[in-house]
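Structure file entry_4.tsv (TSV, C-alpha atoms (C1' of nucleotides)) is printed below.
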```
chain	number	residue	atom	x	y	z
C	1046	MET	CA	22.75	39.21	-18.30
C	1047	THR	CA	21.36	35.73	-18.95
C	1048	ILE	CA	19.08	33.78	-16.67
C	1049	SER	CA	21.84	31.29	-15.86
C	1050	GLU	CA	24.12	34.11	-14.73
C	1051	VAL	CA	21.42	35.63	-12.55
C	1052	SER	CA	20.61	32.17	-11.22
C	1053	LYS	CA	24.23	31.66	-10.14
C	1054	ARG	CA	24.61	35.21	-8.83
C	1055	TYR	CA	21.71	34.95	-6.41
C	1056	GLY	CA	21.51	31.20	-5.87
C	1057	ILE	CA	17.99	31.01	-7.27
C	1058	SER	CA	17.12	28.34	-9.83
C	1059	GLN	CA	16.16	29.35	-13.35
C	1060	ASP	CA	12.78	27.75	-12.83
C	1061	THR	CA	12.23	29.86	-9.74
C	1062	LEU	CA	13.33	33.05	-11.53
C	1063	ARG	CA	10.81	32.39	-14.30
C	1064	TYR	CA	8.19	31.51	-11.70
C	1065	TYR	CA	8.79	34.72	-9.76
C	1066	GLU	CA	8.48	36.74	-12.91
C	1067	ARG	CA	5.30	34.94	-13.94
C	1068	ILE	CA	3.56	35.62	-10.64
C	1069	GLY	CA	4.85	39.19	-10.49
C	1070	VAL	CA	7.36	38.92	-7.64
C	1071	ILE	CA	9.78	40.55	-10.06
C	1072	PRO	CA	8.66	42.82	-12.90
C	1073	ALA	CA	8.79	41.54	-16.49
C	1074	VAL	CA	12.35	41.15	-17.73
C	1075	ASN	CA	13.34	42.44	-21.19
C	1076	ARG	CA	14.05	39.91	-23.90
C	1077	SER	CA	16.75	39.79	-26.54
C	1078	ARG	CA	15.51	39.51	-30.16
C	1079	ASN	CA	15.30	35.71	-29.94
C	1080	GLY	CA	13.05	35.84	-26.90
C	1081	LEU	CA	15.63	35.05	-24.21
C	1082	ARG	CA	15.55	37.01	-20.95
C	1083	ASP	CA	18.24	39.67	-20.70
C	1084	TYR	CA	18.42	40.94	-17.13
C	1085	THR	CA	19.48	44.55	-16.56
C	1086	GLU	CA	21.07	45.67	-13.30
C	1087	GLU	CA	17.67	47.02	-12.33
C	1088	ASP	CA	16.13	43.59	-12.93
C	1089	CYS	CA	18.88	42.13	-10.76
C	1090	GLY	CA	17.95	44.63	-8.06
C	1091	TRP	CA	14.43	43.22	-8.00
C	1092	VAL	CA	15.76	39.67	-7.90
C	1093	GLU	CA	18.04	40.55	-5.04
C	1094	LEU	CA	15.20	42.23	-3.15
C	1095	ALA	CA	13.00	39.18	-3.63
C	1096	ALA	CA	15.83	36.88	-2.48
C	1097	CYS	CA	16.36	38.97	0.65
C	1098	MET	CA	12.68	39.16	1.56
C	1099	ARG	CA	12.11	35.48	0.85
C	1100	SER	CA	15.09	34.50	3.02
C	1101	ALA	CA	13.22	36.09	5.91
C	1102	GLY	CA	10.01	34.30	4.99
C	1103	LEU	CA	7.86	37.04	3.43
C	1104	PRO	CA	5.10	35.48	1.31
C	1105	LEU	CA	5.35	35.64	-2.47
C	1106	GLU	CA	1.90	37.17	-2.65
C	1107	THR	CA	3.00	40.09	-0.51
C	1108	LEU	CA	6.09	40.66	-2.62
C	1109	ALA	CA	3.99	40.54	-5.77
C	1110	GLU	CA	1.62	43.10	-4.32
C	1111	TYR	CA	4.52	45.39	-3.48
C	1112	VAL	CA	5.85	45.14	-7.03
C	1113	ARG	CA	2.39	45.83	-8.40
C	1114	LEU	CA	2.07	48.94	-6.22
C	1115	CYS	CA	5.49	50.16	-7.33
C	1116	GLN	CA	4.41	49.86	-10.93
C	1117	GLU	CA	1.30	51.93	-10.28
C	1118	GLY	CA	3.34	55.03	-9.50
C	1119	ASP	CA	3.60	57.58	-6.71
C	1120	VAL	CA	-0.07	57.45	-5.68
C	1121	THR	CA	0.63	54.10	-4.05
C	1122	ILE	CA	3.42	55.38	-1.82
C	1123	PRO	CA	1.25	55.32	1.33
C	1124	ASP	CA	0.06	51.80	0.49
C	1125	ARG	CA	3.59	50.61	-0.07
C	1126	ARG	CA	4.70	52.14	3.20
C	1127	SER	CA	1.97	50.42	5.18
C	1128	LEU	CA	2.66	47.12	3.43
C	1129	LEU	CA	6.30	47.32	4.48
C	1130	LEU	CA	5.32	48.38	8.00
C	1131	GLU	CA	3.07	45.37	8.35
C	1132	GLN	CA	5.82	43.03	7.19
C	1133	LYS	CA	8.25	44.69	9.58
C	1134	GLU	CA	5.89	43.94	12.44
C	1135	HIS	CA	5.55	40.32	11.38
C	1136	LEU	CA	9.31	40.02	11.21
C	1137	GLU	CA	9.74	41.46	14.68
C	1138	VAL	CA	7.48	38.73	16.02
C	1139	GLN	CA	9.38	36.15	14.00
C	1140	LEU	CA	12.69	37.49	15.28
C	1141	LYS	CA	11.58	37.01	18.87
C	1142	ALA	CA	10.40	33.48	18.16
C	1143	VAL	CA	13.74	32.57	16.60
C	1144	GLN	CA	15.69	34.16	19.46
C	1145	GLU	CA	13.66	32.32	22.08
C	1146	THR	CA	13.97	29.02	20.30
C	1147	LEU	CA	17.70	29.55	19.89
C	1148	LYS	CA	18.06	30.14	23.63
C	1149	ARG	CA	16.09	27.02	24.30
C	1150	LEU	CA	18.18	24.96	21.90
C	1151	GLU	CA	21.36	26.27	23.50
C	1152	TYR	CA	20.09	25.32	26.92
C	1153	LYS	CA	19.16	21.83	25.78
C	1154	ILE	CA	22.49	21.39	24.06
C	1155	SER	CA	24.27	22.35	27.27
C	1156	CYS	CA	22.25	19.70	29.08
C	1157	TYR	CA	23.33	17.14	26.50
C	1158	ASP	CA	26.94	18.27	26.81
C	1159	ARG	CA	26.78	17.58	30.52
C	1160	ALA	CA	24.98	14.32	29.91
C	1161	MET	CA	27.75	13.14	27.62
C	1162	GLU	CA	30.34	13.84	30.30
C	1163	THR	CA	28.49	12.50	33.31
C	1164	GLY	CA	26.34	9.92	31.53
C	1165	ARG	CA	23.33	11.49	33.17
C	1166	LEU	CA	20.72	13.64	31.45
C	1167	THR	CA	19.29	16.30	33.75
C	1168	TRP	CA	16.39	18.60	32.95
C	1169	ASP	CA	15.61	17.64	29.43
H	914	MET	CA	-6.70	17.46	30.17
H	915	THR	CA	-8.87	17.28	27.05
H	916	ILE	CA	-7.76	18.05	23.53
H	917	SER	CA	-9.89	21.21	23.46
H	918	GLU	CA	-8.17	22.49	26.60
H	919	VAL	CA	-4.72	21.79	25.19
H	920	SER	CA	-5.77	23.37	21.91
H	921	LYS	CA	-6.78	26.58	23.67
H	922	ARG	CA	-3.76	26.56	25.98
H	923	TYR	CA	-1.23	26.48	23.15
H	924	GLY	CA	-3.23	27.99	20.32
H	925	ILE	CA	-2.93	24.84	18.22
H	926	SER	CA	-6.02	23.41	16.54
H	927	GLN	CA	-7.33	20.00	17.60
H	928	ASP	CA	-6.73	18.75	14.10
H	929	THR	CA	-3.11	19.84	14.29
H	930	LEU	CA	-2.65	18.25	17.71
H	931	ARG	CA	-3.95	14.93	16.37
H	932	TYR	CA	-1.80	15.34	13.27
H	933	TYR	CA	1.34	16.00	15.32
H	934	GLU	CA	0.66	12.93	17.39
H	935	ARG	CA	0.02	10.81	14.34
H	936	ILE	CA	3.32	11.76	12.68
H	937	GLY	CA	5.26	11.49	15.94
H	938	VAL	CA	5.99	15.17	16.61
H	939	ILE	CA	4.54	14.48	20.04
H	940	PRO	CA	4.58	11.05	21.67
H	941	ALA	CA	1.35	9.06	21.91
H	942	VAL	CA	-1.09	10.58	24.41
H	943	ASN	CA	-2.90	8.38	26.93
H	944	ARG	CA	-6.61	7.79	26.47
H	945	SER	CA	-9.43	7.72	28.94
H	946	ARG	CA	-11.50	4.49	28.98
H	947	ASN	CA	-13.74	5.73	26.16
H	948	GLY	CA	-10.84	6.39	23.86
H	949	LEU	CA	-10.59	10.16	24.30
H	950	ARG	CA	-7.14	11.74	24.61
H	951	ASP	CA	-6.26	12.77	28.15
H	952	TYR	CA	-3.15	14.94	28.14
H	953	THR	CA	-0.84	14.82	31.15
H	954	GLU	CA	1.44	17.73	32.05
H	955	GLU	CA	4.25	15.79	30.41
H	956	ASP	CA	2.23	15.54	27.20
H	957	CYS	CA	1.66	19.28	27.43
H	958	GLY	CA	5.40	19.74	27.73
H	959	TRP	CA	5.86	18.01	24.39
H	960	VAL	CA	3.12	20.09	22.82
H	961	GLU	CA	4.72	23.26	24.12
H	962	LEU	CA	8.13	22.19	22.84
H	963	ALA	CA	6.67	21.48	19.40
H	964	ALA	CA	4.87	24.84	19.39
H	965	CYS	CA	8.07	26.65	20.26
H	966	MET	CA	10.19	24.87	17.68
H	967	ARG	CA	7.56	25.24	14.98
H	968	SER	CA	7.23	28.97	15.68
H	969	ALA	CA	10.87	29.26	14.68
H	970	GLY	CA	10.31	27.17	11.57
H	971	LEU	CA	11.86	23.80	12.46
H	972	PRO	CA	10.51	21.09	10.15
H	973	LEU	CA	8.01	18.57	11.51
H	974	GLU	CA	10.20	15.74	10.30
H	975	THR	CA	13.10	16.95	12.44
H	976	LEU	CA	10.91	17.27	15.50
H	977	ALA	CA	9.54	13.78	14.91
H	978	GLU	CA	13.06	12.43	14.66
H	979	TYR	CA	14.02	14.08	17.94
H	980	VAL	CA	11.00	12.55	19.67
H	981	ARG	CA	11.86	9.16	18.22
H	982	LEU	CA	15.42	9.44	19.52
H	983	CYS	CA	14.20	10.45	22.95
H	984	GLN	CA	12.04	7.35	23.07
H	985	GLU	CA	14.99	5.15	22.22
H	986	GLY	CA	16.74	5.97	25.48
H	987	ASP	CA	20.14	7.18	26.60
H	988	VAL	CA	22.12	5.61	23.76
H	989	THR	CA	20.76	8.30	21.46
H	990	ILE	CA	22.01	11.21	23.57
H	991	PRO	CA	24.86	12.03	21.17
H	992	ASP	CA	22.48	11.86	18.20
H	993	ARG	CA	19.99	14.12	19.90
H	994	ARG	CA	22.73	16.57	20.76
H	995	SER	CA	23.96	16.78	17.20
H	996	LEU	CA	20.40	17.11	15.89
H	997	LEU	CA	19.85	20.10	18.16
H	998	LEU	CA	23.22	21.55	17.22
H	999	GLU	CA	22.35	21.37	13.56
H	1000	GLN	CA	19.03	23.09	14.14
H	1001	LYS	CA	20.77	25.74	16.22
H	1002	GLU	CA	23.08	26.47	13.30
H	1003	HIS	CA	20.15	26.73	10.91
H	1004	LEU	CA	18.42	29.12	13.26
H	1005	GLU	CA	21.50	31.29	13.54
H	1006	VAL	CA	21.49	31.68	9.77
H	1007	GLN	CA	17.76	32.37	9.86
H	1008	LEU	CA	18.23	34.94	12.62
H	1009	LYS	CA	20.72	36.85	10.52
H	1010	ALA	CA	18.43	36.78	7.50
H	1011	VAL	CA	15.55	38.15	9.54
H	1012	GLN	CA	17.74	40.84	11.11
H	1013	GLU	CA	19.08	41.95	7.73
H	1014	THR	CA	15.66	42.02	6.18
H	1015	LEU	CA	14.31	43.98	9.12
H	1016	LYS	CA	17.04	46.58	8.69
H	1017	ARG	CA	16.25	46.81	5.04
H	1018	LEU	CA	12.53	47.20	5.68
H	1019	GLU	CA	13.24	49.91	8.24
H	1020	TYR	CA	15.40	51.75	5.76
H	1021	LYS	CA	12.77	51.52	3.05
H	1022	ILE	CA	10.06	52.64	5.44
H	1023	SER	CA	12.16	55.68	6.37
H	1024	CYS	CA	12.45	56.49	2.67
H	1025	TYR	CA	8.66	56.27	2.35
H	1026	ASP	CA	8.22	58.44	5.43
H	1027	ARG	CA	10.33	61.11	3.77
H	1028	ALA	CA	8.51	60.60	0.50
H	1029	MET	CA	5.17	61.23	2.18
H	1030	GLU	CA	6.44	64.51	3.61
H	1031	THR	CA	8.32	65.80	0.59
H	1032	GLY	CA	6.28	64.05	-2.11
H	1033	ARG	CA	9.52	62.70	-3.47
H	1034	LEU	CA	10.75	59.11	-3.22
H	1035	THR	CA	14.53	58.89	-2.97
H	1036	TRP	CA	16.59	55.72	-3.06
H	1037	ASP	CA	13.90	53.10	-3.24
B	1196	DA	C1'	24.90	20.02	-42.04
B	1197	DT	C1'	24.68	18.12	-37.75
B	1198	DA	C1'	25.16	17.84	-32.99
B	1199	DA	C1'	25.27	19.93	-28.59
B	1200	DC	C1'	23.63	23.40	-25.66
B	1201	DA	C1'	20.83	27.13	-23.59
B	1202	DT	C1'	16.68	28.87	-23.39
B	1203	DC	C1'	11.61	29.16	-24.04
B	1204	DT	C1'	6.42	27.95	-22.74
B	1205	DG	C1'	2.66	25.54	-20.60
B	1206	DG	C1'	1.43	22.46	-17.62
B	1207	DA	C1'	2.04	18.59	-14.47
B	1208	DG	C1'	4.11	16.93	-10.18
B	1209	DG	C1'	6.18	17.25	-5.54
B	1210	DT	C1'	6.77	18.72	-0.63
B	1211	DT	C1'	5.39	20.63	3.64
B	1212	DA	C1'	2.04	21.60	6.82
B	1213	DC	C1'	-1.92	21.72	7.81
B	1214	DT	C1'	-7.32	21.63	7.44
B	1215	DC	C1'	-11.56	19.70	6.47
B	1216	DT	C1'	-15.11	16.01	5.82
B	1217	DA	C1'	-17.70	11.94	6.72
B	1218	DA	C1'	-19.14	8.52	9.44
B	1219	DG	C1'	-19.08	6.69	13.90
B	1220	DT	C1'	-18.88	6.53	19.39
B	1221	DC	C1'	-20.04	8.04	23.78
B	1222	DA	C1'	-21.84	10.89	27.84
B	1223	DA	C1'	-24.89	14.20	29.63
B	1224	DG	C1'	-29.14	17.00	29.64
B	1225	DA	C1'	-34.37	17.93	28.33
N	751	DT	C1'	-35.60	8.32	24.88
N	752	DC	C1'	-33.88	11.53	22.08
N	753	DT	C1'	-30.83	14.90	20.96
N	754	DT	C1'	-26.89	17.71	21.48
N	755	DG	C1'	-22.13	18.15	21.71
N	756	DA	C1'	-17.37	16.67	22.15
N	757	DC	C1'	-14.65	13.45	20.66
N	758	DT	C1'	-12.78	9.54	17.46
N	759	DT	C1'	-10.67	7.70	12.78
N	760	DA	C1'	-9.30	7.50	7.95
N	761	DG	C1'	-8.72	9.81	4.26
N	762	DA	C1'	-9.43	13.68	1.05
N	763	DG	C1'	-8.59	18.55	0.14
N	764	DT	C1'	-6.01	22.96	0.31
N	765	DA	C1'	-2.32	26.51	0.20
N	766	DA	C1'	2.26	27.94	-0.50
N	767	DC	C1'	6.32	27.35	-2.97
N	768	DC	C1'	8.68	25.54	-5.82
N	769	DT	C1'	10.50	21.83	-9.33
N	770	DC	C1'	10.36	19.07	-13.19
N	771	DC	C1'	9.10	17.70	-17.90
N	772	DA	C1'	7.99	17.77	-22.83
N	773	DG	C1'	8.33	19.80	-26.92
N	774	DA	C1'	9.87	23.81	-29.47
N	775	DT	C1'	13.35	27.23	-30.97
N	776	DG	C1'	17.51	29.38	-31.67
N	777	DT	C1'	22.90	29.71	-31.21
N	778	DT	C1'	27.40	27.80	-31.28
N	779	DA	C1'	31.03	24.33	-32.23
N	780	DT	C1'	32.76	20.43	-35.26
```

Take the structure I supplied and represent it as structure tokens, if you would.
Amino acid sequence: MTISEVSKRYGISQDTLRYYERIGVIPAVNRSRNGLRDYTEEDCGWVELAACMRSAGLPLETLAEYVRLCQEGDVTIPDRRSLLLEQKEHLEVQLKAVQETLKRLEYKISCYDRAMETGRLTWD
Amino acid sequence: MTISEVSKRYGISQDTLRYYERIGVIPAVNRSRNGLRDYTEEDCGWVELAACMRSAGLPLETLAEYVRLCQEGDVTIPDRRSLLLEQKEHLEVQLKAVQETLKRLEYKISCYDRAMETGRLTWD
DNA sequence: ATAACATCTGGAGGTTACTCTAAGTCAAGA
DNA sequence: TCTTGACTTAGAGTAACCTCCAGATGTTAT
């Protein structure tokens, strides 16, 4: 699979794919004889994982560390587990922040809805 | 209320409070005769709103635009409403991303839990 | 053969959101 | 009076995350 195909498949620019590989957020991708990247399904799995984690805001450095640990073999299983646990806890905090802010936005929007009917803005 | 008090109250650095004011994320704060900021409860309300919205990841530019619209009076009510609606939609997408990633982290962690008992990592 | 196209690398540039520094002002305490 | 400490400004610096560019190379279509 070429970089342009992977780029389209996951909605990540080619530049970003190369960047992620360079900084270790995805492991090194095999090359065809002429030096072009040729992504396997396993490579795509790493890309997809990175895309998912990034969409939730995990830092690139953390993802790179996870990949590094994975490459070091089974001895790093406890480290990997605690890395994921830490990120899970961060995300739980983040989730609450987003939920609270959403509630607040909904409330404000309802105030504006009323304001647009009555011409009066109450409790902004 | 002094800047150091507001800083402590909302866990935002003094530098950041001044920065937010400078770029319009919070409206201009009144000064005491010697030029020091003296935050009213209303000012604090703006700070708290900014803190909440930022915790969910809303961009500073968007917050500044909202503040600007608020200062322009009632004619901007429809604009403000649609700005908030747009941010609400972004946050709903973000919420889903965080929820999905959380699920995935939980699943991976459960795999690592099993791996640490059995010594075998399945379905990473 | 030549042109068009995709990819490569290394490095520079851009955006967002702070964060820090330097130099200055002012009020209160020793 | 002198110094300490909290505050001020303007502007530079930093970190994270891309994004773009130049110049090279290799493949495909005319």

Can you tell me which residues surround DG1209 (chain B) at a distance of at most 12 Å, considering all atoms listed in the file, apart from same-chain residues fewer than 3 positions away, and format the answer as a ChimeraX atom specification?
/N:767-770

Selection file, C-alpha atoms (C1' of nucleotides), as a PDB file, in the frame of the given file:
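The resulting file, again-v2.pdb, is reproduced below:
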```pdb
ATOM      1  C1'  DC N 767       6.320  27.350  -2.970  1.00  0.00           C
ATOM      2  C1'  DC N 768       8.680  25.540  -5.820  1.00  0.00           C
ATOM      3  C1'  DT N 769      10.500  21.830  -9.330  1.00  0.00           C
ATOM      4  C1'  DC N 770      10.360  19.070 -13.190  1.00  0.00           C
TER       5       DC N 770
END
```

Sorted by chain and rising residue number, which residues of chain C lie within 12 Å of chain N, and what are their closest atom pairs and distances in Å to one decimal, counting all atoms listed in the file, as JSON lines?
```
{"residue": "C:Ile1057", "atom": "CA", "partner": "N:DC768", "partner_atom": "C1'", "distance": 10.9}
{"residue": "C:Ser1058", "atom": "CA", "partner": "N:DT769", "partner_atom": "C1'", "distance": 9.3}
{"residue": "C:Gln1059", "atom": "CA", "partner": "N:DT769", "partner_atom": "C1'", "distance": 10.2}
{"residue": "C:Asp1060", "atom": "CA", "partner": "N:DT769", "partner_atom": "C1'", "distance": 7.2}
{"residue": "C:Thr1061", "atom": "CA", "partner": "N:DC768", "partner_atom": "C1'", "distance": 6.8}
{"residue": "C:Leu1062", "atom": "CA", "partner": "N:DC768", "partner_atom": "C1'", "distance": 10.5}
{"residue": "C:Arg1063", "atom": "CA", "partner": "N:DC768", "partner_atom": "C1'", "distance": 11.1}
{"residue": "C:Tyr1064", "atom": "CA", "partner": "N:DC768", "partner_atom": "C1'", "distance": 8.4}
{"residue": "C:Tyr1065", "atom": "CA", "partner": "N:DC768", "partner_atom": "C1'", "distance": 10.0}
{"residue": "C:Ile1068", "atom": "CA", "partner": "N:DC767", "partner_atom": "C1'", "distance": 11.6}
{"residue": "C:Ser1077", "atom": "CA", "partner": "N:DG776", "partner_atom": "C1'", "distance": 11.6}
{"residue": "C:Arg1078", "atom": "CA", "partner": "N:DG776", "partner_atom": "C1'", "distance": 10.4}
{"residue": "C:Asn1079", "atom": "CA", "partner": "N:DG776", "partner_atom": "C1'", "distance": 6.9}
{"residue": "C:Gly1080", "atom": "CA", "partner": "N:DG776", "partner_atom": "C1'", "distance": 9.2}
{"residue": "C:Leu1081", "atom": "CA", "partner": "N:DG776", "partner_atom": "C1'", "distance": 9.6}
{"residue": "C:Arg1099", "atom": "CA", "partner": "N:DC767", "partner_atom": "C1'", "distance": 10.7}
{"residue": "C:Gly1102", "atom": "CA", "partner": "N:DC767", "partner_atom": "C1'", "distance": 11.2}
{"residue": "C:Leu1103", "atom": "CA", "partner": "N:DA766", "partner_atom": "C1'", "distance": 11.4}
{"residue": "C:Pro1104", "atom": "CA", "partner": "N:DA766", "partner_atom": "C1'", "distance": 8.3}
{"residue": "C:Leu1105", "atom": "CA", "partner": "N:DC767", "partner_atom": "C1'", "distance": 8.4}
{"residue": "C:Glu1106", "atom": "CA", "partner": "N:DA766", "partner_atom": "C1'", "distance": 9.5}
```

Grab the residues selected above and save them as a PDB file, in the frame of the given file with C-alpha atoms.
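So the final result, stored in out_12.pdb, reads:
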```
ATOM      1  CA  ILE C1057      17.990  31.010  -7.270  1.00  0.00           C
ATOM      2  CA  SER C1058      17.120  28.340  -9.830  1.00  0.00           C
ATOM      3  CA  GLN C1059      16.160  29.350 -13.350  1.00  0.00           C
ATOM      4  CA  ASP C1060      12.780  27.750 -12.830  1.00  0.00           C
ATOM      5  CA  THR C1061      12.230  29.860  -9.740  1.00  0.00           C
ATOM      6  CA  LEU C1062      13.330  33.050 -11.530  1.00  0.00           C
ATOM      7  CA  ARG C1063      10.810  32.390 -14.300  1.00  0.00           C
ATOM      8  CA  TYR C1064       8.190  31.510 -11.700  1.00  0.00           C
ATOM      9  CA  TYR C1065       8.790  34.720  -9.760  1.00  0.00           C
ATOM     10  CA  ILE C1068       3.560  35.620 -10.640  1.00  0.00           C
ATOM     11  CA  SER C1077      16.750  39.790 -26.540  1.00  0.00           C
ATOM     12  CA  ARG C1078      15.510  39.510 -30.160  1.00  0.00           C
ATOM     13  CA  ASN C1079      15.300  35.710 -29.940  1.00  0.00           C
ATOM     14  CA  GLY C1080      13.050  35.840 -26.900  1.00  0.00           C
ATOM     15  CA  LEU C1081      15.630  35.050 -24.210  1.00  0.00           C
ATOM     16  CA  ARG C1099      12.110  35.480   0.850  1.00  0.00           C
ATOM     17  CA  GLY C1102      10.010  34.300   4.990  1.00  0.00           C
ATOM     18  CA  LEU C1103       7.860  37.040   3.430  1.00  0.00           C
ATOM     19  CA  PRO C1104       5.100  35.480   1.310  1.00  0.00           C
ATOM     20  CA  LEU C1105       5.350  35.640  -2.470  1.00  0.00           C
ATOM     21  CA  GLU C1106       1.900  37.170  -2.650  1.00  0.00           C
TER      22      GLU C1106
END
```

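Our summary of the geometry notes that CA of Ser995 (chain H) is positioned 28.0 Å from C1' of DC1213 (chain B).
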
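Within 7 Å of chain C, counting all atoms listed in the file, chain H contributes Cys965, Met966, Ser968, Ala969, Ile990, Arg994, Leu997, Leu998, Lys1001, Leu1004, Leu1008, Ala1010, Val1011, Thr1014, Leu1015, Leu1018, Ile1022 and Tyr1025 of chain H.
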
Please identify every residue of chain B that has at least one atom no farther than 9 Å from an atom of chain H, counting only C-alpha atoms (C1' of nucleotides), and for each give the shortest atom pair and the distance in Å to one decimal, arranged by chain then increasing number, as JSON lines.
```
{"residue": "B:DT1211", "atom": "C1'", "partner": "H:Pro972", "partner_atom": "CA", "distance": 8.3}
{"residue": "B:DA1212", "atom": "C1'", "partner": "H:Leu973", "partner_atom": "CA", "distance": 8.2}
{"residue": "B:DC1213", "atom": "C1'", "partner": "H:Thr929", "partner_atom": "CA", "distance": 6.9}
{"residue": "B:DT1214", "atom": "C1'", "partner": "H:Asp928", "partner_atom": "CA", "distance": 7.3}
{"residue": "B:DT1220", "atom": "C1'", "partner": "H:Asn947", "partner_atom": "CA", "distance": 8.5}
{"residue": "B:DC1221", "atom": "C1'", "partner": "H:Asn947", "partner_atom": "CA", "distance": 7.1}
```

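Computed from the coordinates, the CA of Val938 (chain H) to CA of Thr975 (chain H) distance equals 8.4 Å.
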
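Distances here use all atoms listed in the file; by that measure, the residue among H:Ala963, H:Glu954, H:Gly937, H:Ser917 closest to Leu982 (chain H) is H:Gly937.
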
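One finds CA of Trp1091 (chain C) at 10.3 Å from CA of Ala1073 (chain C).
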